[in-house]
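Pasting run01.csv here (CSV, C-alpha atoms):
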chain,number,residue,atom,x,y,z
V,651,MET,CA,30.5,-55.4,4.7
V,652,ASN,CA,26.7,-55.6,4.8
V,653,PHE,CA,25.2,-53.0,2.4
V,654,LYS,CA,22.3,-52.3,4.8
V,655,LYS,CA,24.8,-51.6,7.6
V,656,ILE,CA,26.7,-49.2,5.4
V,657,THR,CA,23.5,-47.4,4.4
V,658,GLY,CA,22.5,-47.1,8.0
V,659,VAL,CA,25.8,-45.6,9.1
V,660,VAL,CA,25.8,-43.1,6.2
V,661,ALA,CA,22.2,-42.1,7.1
V,662,ILE,CA,23.1,-41.5,10.8
V,663,ALA,CA,26.2,-39.4,9.8
V,664,VAL,CA,24.1,-37.2,7.5
V,665,MET,CA,21.5,-36.7,10.3
V,666,VAL,CA,24.3,-35.7,12.7
V,667,LEU,CA,25.7,-33.2,10.3
V,668,LEU,CA,22.2,-31.7,9.6
V,669,LEU,CA,21.4,-31.4,13.3
V,670,LYS,CA,24.8,-29.9,14.3
V,671,PRO,CA,24.3,-26.3,15.2
V,672,VAL,CA,25.9,-23.8,12.9
V,673,VAL,CA,28.5,-21.7,14.7
V,674,ALA,CA,28.7,-18.1,13.4
V,675,LEU,CA,32.2,-16.9,12.4
V,676,ALA,CA,33.4,-14.4,15.0
V,677,VAL,CA,34.9,-11.3,13.6
V,678,PRO,CA,36.0,-7.9,15.2
V,679,HIS,CA,33.0,-5.6,15.4
V,680,PHE,CA,31.2,-3.0,17.4
V,681,THR,CA,28.0,-3.5,19.5
V,682,LEU,CA,25.1,-1.6,20.8
V,683,SER,CA,23.1,-2.3,24.0
V,684,PRO,CA,20.2,-2.0,23.8
V,685,ALA,CA,20.0,-2.2,20.0
V,686,SER,CA,16.2,-1.6,20.1
V,687,GLY,CA,13.4,-0.6,22.4
V,688,SER,CA,10.5,1.9,23.0
V,689,GLN,CA,11.3,5.3,24.3
V,690,THR,CA,9.2,8.4,25.1
V,691,VAL,CA,9.5,12.0,23.8
V,692,GLY,CA,11.4,14.2,26.3
V,693,GLN,CA,12.6,11.3,28.4
V,694,GLU,CA,16.4,10.6,28.1
V,695,PHE,CA,17.7,7.1,27.6
V,696,SER,CA,21.2,5.7,27.2
V,697,VAL,CA,22.9,3.3,24.7
V,698,MET,CA,26.1,1.5,25.5
V,699,MET,CA,28.6,1.3,22.6
V,700,GLY,CA,30.9,-1.7,22.9
V,701,VAL,CA,33.7,-3.6,21.1
V,702,ASP,CA,34.4,-7.2,20.4
V,703,SER,CA,37.8,-7.6,18.8
V,704,ASP,CA,37.5,-11.5,18.6
V,705,THR,CA,41.2,-12.7,18.8
V,706,GLU,CA,42.7,-9.4,17.6
V,707,LYS,CA,44.8,-7.4,20.0
V,708,VAL,CA,43.8,-3.7,20.0
V,709,VAL,CA,46.1,-0.6,20.0
V,710,GLY,CA,43.6,2.0,18.7
V,711,ILE,CA,39.8,2.6,18.3
V,712,ASP,CA,37.9,5.2,16.4
V,713,ILE,CA,34.2,5.6,16.5
V,714,LYS,CA,32.0,7.5,14.1
V,715,ALA,CA,28.2,7.1,14.2
V,716,SER,CA,25.1,8.6,12.7
V,717,PHE,CA,21.6,9.0,14.2
V,718,ASP,CA,18.3,10.3,13.2
V,719,SER,CA,18.6,14.0,14.0
V,720,SER,CA,14.9,14.6,13.4
V,721,LYS,CA,14.0,12.2,16.3
V,722,LEU,CA,17.0,12.3,18.6
V,723,GLU,CA,19.6,14.6,20.0
V,724,VAL,CA,22.8,13.6,21.9
V,725,VAL,CA,22.8,15.0,25.5
V,726,SER,CA,26.2,13.5,26.6
V,727,ILE,CA,28.9,11.0,25.8
V,728,GLU,CA,30.6,9.3,28.8
V,729,LYS,CA,33.3,6.7,29.2
V,730,GLY,CA,32.0,3.2,29.9
V,731,VAL,CA,33.3,0.7,32.4
V,732,ILE,CA,36.5,-0.8,31.2
V,733,PRO,CA,37.8,-4.0,32.8
V,734,ASP,CA,41.4,-4.2,34.0
V,735,ASP,CA,42.4,-6.5,31.2
V,736,GLY,CA,40.5,-4.5,28.5
V,737,TYR,CA,41.6,-1.7,26.1
V,738,GLN,CA,42.5,1.2,28.3
V,739,PHE,CA,42.0,4.6,26.6
V,740,SER,CA,42.0,8.2,27.6
V,741,TYR,CA,38.7,10.2,27.4
V,742,THR,CA,37.6,13.5,28.8
V,743,SER,CA,34.2,15.2,28.8
V,744,GLY,CA,33.8,17.2,25.6
V,745,GLN,CA,36.4,15.1,23.7
V,746,ALA,CA,33.7,13.8,21.3
V,747,ILE,CA,32.6,15.9,18.4
V,748,ILE,CA,28.8,16.1,18.4
V,749,ARG,CA,26.8,17.5,15.6
V,750,ASN,CA,23.1,17.3,16.6
V,751,ASP,CA,22.0,19.3,13.6
V,752,THR,CA,23.3,16.7,11.1
V,753,GLY,CA,23.0,13.7,13.4
V,754,VAL,CA,26.7,12.7,13.6
V,755,PHE,CA,29.2,12.2,16.4
V,756,GLU,CA,32.8,10.9,16.4
V,757,VAL,CA,35.6,10.3,18.9
V,758,THR,CA,39.1,8.8,18.8
V,759,LEU,CA,39.9,6.6,21.8
V,760,THR,CA,43.7,6.7,22.0
V,761,PRO,CA,45.5,4.2,24.3
V,762,LEU,CA,46.6,5.4,27.7
V,763,ASN,CA,50.1,4.1,27.1
V,764,GLN,CA,50.9,5.0,23.4
V,765,SER,CA,54.3,3.4,23.6
V,766,VAL,CA,52.8,-0.1,24.1
V,767,LEU,CA,53.0,-2.1,20.8
V,768,VAL,CA,51.0,-5.1,22.0
V,769,GLY,CA,47.4,-4.4,23.1
V,770,PRO,CA,44.8,-6.5,24.8
V,771,ILE,CA,41.9,-8.4,23.3
V,772,ALA,CA,38.9,-6.1,23.8
V,773,LYS,CA,35.4,-7.5,24.6
V,774,HIS,CA,33.7,-4.8,26.6
V,775,GLU,CA,31.7,-1.5,26.6
V,776,LEU,CA,33.4,1.7,25.4
V,777,LEU,CA,31.0,4.7,25.6
V,778,LYS,CA,27.7,5.6,27.1
V,779,ILE,CA,25.6,7.7,24.8
V,780,THR,CA,22.6,9.6,26.3
V,781,PHE,CA,19.9,10.7,23.9
V,782,ARG,CA,16.9,12.9,24.3
V,783,PRO,CA,14.0,11.9,22.0
V,784,LYS,CA,12.3,14.9,20.5
V,785,ALA,CA,9.7,13.5,18.1
V,786,THR,CA,7.7,10.3,17.6
V,787,GLY,CA,8.6,7.7,15.0
V,788,SER,CA,11.4,5.2,14.4
V,789,ALA,CA,14.9,6.5,15.2
V,790,THR,CA,18.1,4.8,14.0
V,791,LEU,CA,21.6,4.7,15.3
V,792,ASN,CA,24.4,3.2,13.1
V,793,TYR,CA,28.2,3.0,13.0
V,794,THR,CA,29.7,4.8,10.1
V,795,CYS,CA,32.0,2.2,8.7
V,796,LEU,CA,33.8,1.6,5.3
V,797,SER,CA,36.1,-1.3,4.7
V,798,GLY,CA,39.6,-0.1,4.0
V,799,SER,CA,39.0,3.4,5.3
V,800,VAL,CA,40.7,4.8,8.4
V,801,VAL,CA,38.7,8.0,8.8
V,802,GLU,CA,35.6,6.6,10.4
V,803,THR,CA,35.0,3.5,12.7
V,804,ASN,CA,38.1,1.4,13.2
V,805,ILE,CA,39.6,-1.3,15.3
V,806,ILE,CA,43.4,-1.0,14.9
V,807,SER,CA,45.4,-4.2,15.6
V,808,GLN,CA,48.9,-4.3,16.9
V,809,VAL,CA,50.2,-4.6,13.4
V,810,GLY,CA,48.6,-1.3,12.5
V,811,ALA,CA,45.7,-2.7,10.4
V,812,ASP,CA,42.0,-1.9,10.6
V,813,VAL,CA,40.5,-5.2,11.4
V,814,VAL,CA,36.8,-4.3,12.0
V,815,ASP,CA,34.2,-6.2,9.9
V,816,CYS,CA,31.8,-3.4,9.0
V,817,SER,CA,29.0,-5.8,8.0
V,818,ALA,CA,29.1,-7.3,11.5
V,819,ASN,CA,28.6,-4.0,13.4
V,820,GLN,CA,25.3,-3.8,15.2
V,821,GLY,CA,22.7,-1.1,14.2
V,822,GLY,CA,20.1,0.4,16.5
V,823,SER,CA,16.4,1.1,15.9
V,824,TYR,CA,14.2,2.8,18.6
V,825,THR,CA,10.5,3.5,18.6
V,826,ILE,CA,9.8,6.9,20.0
V,827,ASN,CA,6.3,7.3,21.5
V,828,ALA,CA,4.4,10.5,22.5
V,829,GLY,CA,4.8,11.7,26.0
V,830,ILE,CA,2.1,12.6,28.5
V,831,GLY,CA,-0.7,14.4,26.7
V,832,GLY,CA,0.2,12.8,23.4
V,833,ASN,CA,1.7,16.0,22.0
V,834,ASN,CA,4.9,15.3,20.1
V,835,SER,CA,5.4,18.5,18.0
V,836,ALA,CA,5.3,22.3,18.4
V,837,PRO,CA,1.8,23.6,18.9
V,838,GLU,CA,0.2,25.3,15.9
V,839,ALA,CA,-1.2,28.8,16.0
V,840,THR,CA,-5.0,28.8,16.1
V,841,ALA,CA,-7.3,31.7,15.1
V,842,THR,CA,-10.1,32.9,17.3
V,843,PRO,CA,-13.3,31.2,16.1
V,844,VAL,CA,-15.8,33.4,14.4
V,845,PRO,CA,-19.3,33.3,15.9
V,846,GLU,CA,-21.7,31.3,13.8
V,847,GLY,CA,-23.8,33.5,11.6
V,848,SER,CA,-21.4,36.4,11.7
V,849,SER,CA,-19.3,37.6,8.7
V,850,ASP,CA,-17.0,39.8,10.8
V,851,LEU,CA,-13.4,38.7,11.2
V,852,PRO,CA,-12.2,38.1,14.7
V,853,GLN,CA,-10.5,41.0,16.4
V,854,THR,CA,-8.0,41.2,19.1
V,855,GLY,CA,-9.6,44.1,21.0
V,856,VAL,CA,-6.6,46.4,20.7
V,857,ILE,CA,-7.7,48.0,17.3
V,858,GLU,CA,-11.2,48.5,18.5
V,859,ASN,CA,-10.1,50.5,21.6
V,860,THR,CA,-7.7,52.6,19.5
V,861,MET,CA,-10.5,53.5,17.1
V,862,LEU,CA,-12.8,54.5,19.9
V,863,LEU,CA,-10.2,56.8,21.4
V,864,VAL,CA,-9.5,58.4,18.0
V,865,GLY,CA,-13.2,58.9,17.4
V,866,PHE,CA,-13.7,60.4,20.8
V,867,GLY,CA,-10.8,62.8,20.3
V,868,PHE,CA,-12.2,63.9,16.8
V,869,VAL,CA,-15.6,64.6,18.3
V,870,SER,CA,-14.1,66.6,21.1
V,871,VAL,CA,-12.2,68.8,18.6
V,872,ILE,CA,-15.5,69.5,16.7
V,873,VAL,CA,-17.4,70.4,19.9
V,874,ALA,CA,-14.6,72.7,21.1
V,875,GLY,CA,-14.6,74.5,17.8
V,876,PHE,CA,-18.3,74.9,17.8
V,877,PHE,CA,-18.4,76.5,21.3
V,878,GLY,CA,-15.4,78.8,20.3
V,879,LEU,CA,-17.5,80.3,17.5
V,880,LEU,CA,-20.3,81.3,19.8

Show the structure stored in the file as structure tokens.
Amino acid sequence: MNFKKITGVVAIAVMVLLLKPVVALAVPHFTLSPASGSQTVGQEFSVMMGVDSDTEKVVGIDIKASFDSSKLEVVSIEKGVIPDDGYQFSYTSGQAIIRNDTGVFEVTLTPLNQSVLVGPIAKHELLKITFRPKATGSATLNYTCLSGSVVETNIISQVGADVVDCSANQGGSYTINAGIGGNNSAPEATATPVPEGSSDLPQTGVIENTMLLVGFGFVSVIVAGFFGLL
């Protein structure tokens, strides 16, 4: 075979391999939508938590997440829209454990039919989290996930194994801007300004009135005693 032809064929093959798009390996994980954005202090916004189990059939889901408690507080957690062929689970208002003081919430999404051993492939939203921003800055939202642990965020397959890839879970970051007026924190107490050139401390007015009344009463007693001696 002609050496030039061989060289040409090899070169074309190498170019095809280099230009071929790299396909990311799909793994079971949790999603956030939106995963970023700009919000305003005092104005509520919602984030959808979702699941993508890839090819795994799901029989159980646990969610545990952490958020920046100095910037956000959870107002409510509601059930998302679940397709007919998705993972059907029971959820009632107040079922989730919410700790706004430490910035943590968690909930177990048990299947509606717990006797079913073969679950569906889940690729849909799960929960709608409504937040209220309370201070400016960058606020984070992340799934609490540890490989091999079953006490945090999990996707349980039909063989009873936790199949979530923690490194593939989406994290959220939201920029919180000041509201109308630009005030994003509690107002600080301010002292009454002292007039320029004066060394007296500012007074509230209450002490002055009290002192006048006491002085007037003292003078009245002296005058009454004087006239009594006449």

Output as a tab-separated table one row per residue of segment 721-779 of chain V within 12 Å of segment 791-804 of chain V: the closest atom pair and its distance in Å to one decimal place, counting only C-alpha atoms, sorted by chain and residue number ascending.
residue	atom	partner	partner_atom	distance
V:Lys721	CA	V:Leu791	CA	10.7
V:Leu722	CA	V:Leu791	CA	9.5
V:Glu723	CA	V:Leu791	CA	11.1
V:Val724	CA	V:Leu791	CA	11.1
V:Gly753	CA	V:Leu791	CA	9.3
V:Val754	CA	V:Thr794	CA	9.1
V:Phe755	CA	V:Thr794	CA	9.7
V:Glu756	CA	V:Glu802	CA	7.9
V:Val757	CA	V:Thr803	CA	9.2
V:Thr758	CA	V:Thr803	CA	9.1
V:Leu759	CA	V:Asn804	CA	10.2
V:Thr760	CA	V:Asn804	CA	11.7
V:Ile779	CA	V:Leu791	CA	10.7

Compile the contact shell of segment 725-734 of chain V as an MDAnalysis selection string: residues with an atom at most 10 Å away, counting all atoms listed in the file, same-chain residues fewer than 3 positions apart removed.
chainID V and resid 694:700 722 737:748 750 755 757 759 772:783

Please report the interatomic distance between atom CA of Ala828 of chain V and atom CA of Ser683 of chain V in Å with one decimal.
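The value is 22.7 Å.
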
Which of these residues is nearest to Ser720 of chain V, using only C-alpha atoms: V:Ser823, V:Ser788, V:Ser807, V:Ser817?
V:Ser788

Write out as AutoDock Vina command-line options an axis-aligned box for segment 783-802 of chain V: all of its atoms listed in the file, 4 Å added on each side, centre and edge lengths in Å with one decimal.
--center_x 24.2 --center_y 6.8 --center_z 13.0 --size_x 41.0 --size_y 24.2 --size_z 26.0

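In this comparison, which uses only C-alpha atoms, the residue of V:Asn819, V:Thr825, V:Gln693, V:Thr752 approaching Val677 of chain V most closely is V:Asn819.
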
Two-atom distance - atom CA of Gln808 of chain V, atom CA of Val768 of chain V (Å):
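Pair atom CA of Gln808 of chain V / atom CA of Val768 of chain V returns 5.6 Å.
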
Between atom CA of Thr681 of chain V and atom CA of Pro770 of chain V, distance in Å (one decimal)
17.9 Å

Write out as an mmCIF file with C-alpha atoms, in the frame of the given file each polymer residue whose atoms come within 12 Å of Lys707 of chain V, counting all atoms listed in the file; drop sequence neighbours fewer than 3 positions from it.
data_model
loop_
_atom_site.group_PDB
_atom_site.id
_atom_site.type_symbol
_atom_site.label_atom_id
_atom_site.label_comp_id
_atom_site.auth_asym_id
_atom_site.auth_seq_id
_atom_site.Cartn_x
_atom_site.Cartn_y
_atom_site.Cartn_z
ATOM 1 C CA PRO V 678 36.000 -7.900 15.200
ATOM 2 C CA VAL V 701 33.700 -3.600 21.100
ATOM 3 C CA ASP V 702 34.400 -7.200 20.400
ATOM 4 C CA SER V 703 37.800 -7.600 18.800
ATOM 5 C CA ASP V 704 37.500 -11.500 18.600
ATOM 6 C CA GLY V 710 43.600 2.000 18.700
ATOM 7 C CA ILE V 711 39.800 2.600 18.300
ATOM 8 C CA ASP V 735 42.400 -6.500 31.200
ATOM 9 C CA GLY V 736 40.500 -4.500 28.500
ATOM 10 C CA TYR V 737 41.600 -1.700 26.100
ATOM 11 C CA VAL V 766 52.800 -0.100 24.100
ATOM 12 C CA LEU V 767 53.000 -2.100 20.800
ATOM 13 C CA VAL V 768 51.000 -5.100 22.000
ATOM 14 C CA GLY V 769 47.400 -4.400 23.100
ATOM 15 C CA PRO V 770 44.800 -6.500 24.800
ATOM 16 C CA ILE V 771 41.900 -8.400 23.300
ATOM 17 C CA ALA V 772 38.900 -6.100 23.800
ATOM 18 C CA LYS V 773 35.400 -7.500 24.600
ATOM 19 C CA ILE V 805 39.600 -1.300 15.300
ATOM 20 C CA ILE V 806 43.400 -1.000 14.900
ATOM 21 C CA SER V 807 45.400 -4.200 15.600
ATOM 22 C CA GLN V 808 48.900 -4.300 16.900
ATOM 23 C CA VAL V 809 50.200 -4.600 13.400
ATOM 24 C CA GLY V 810 48.600 -1.300 12.500
ATOM 25 C CA ALA V 811 45.700 -2.700 10.400
ATOM 26 C CA ASP V 812 42.000 -1.900 10.600
ATOM 27 C CA VAL V 813 40.500 -5.200 11.400
ATOM 28 C CA VAL V 814 36.800 -4.300 12.000
#
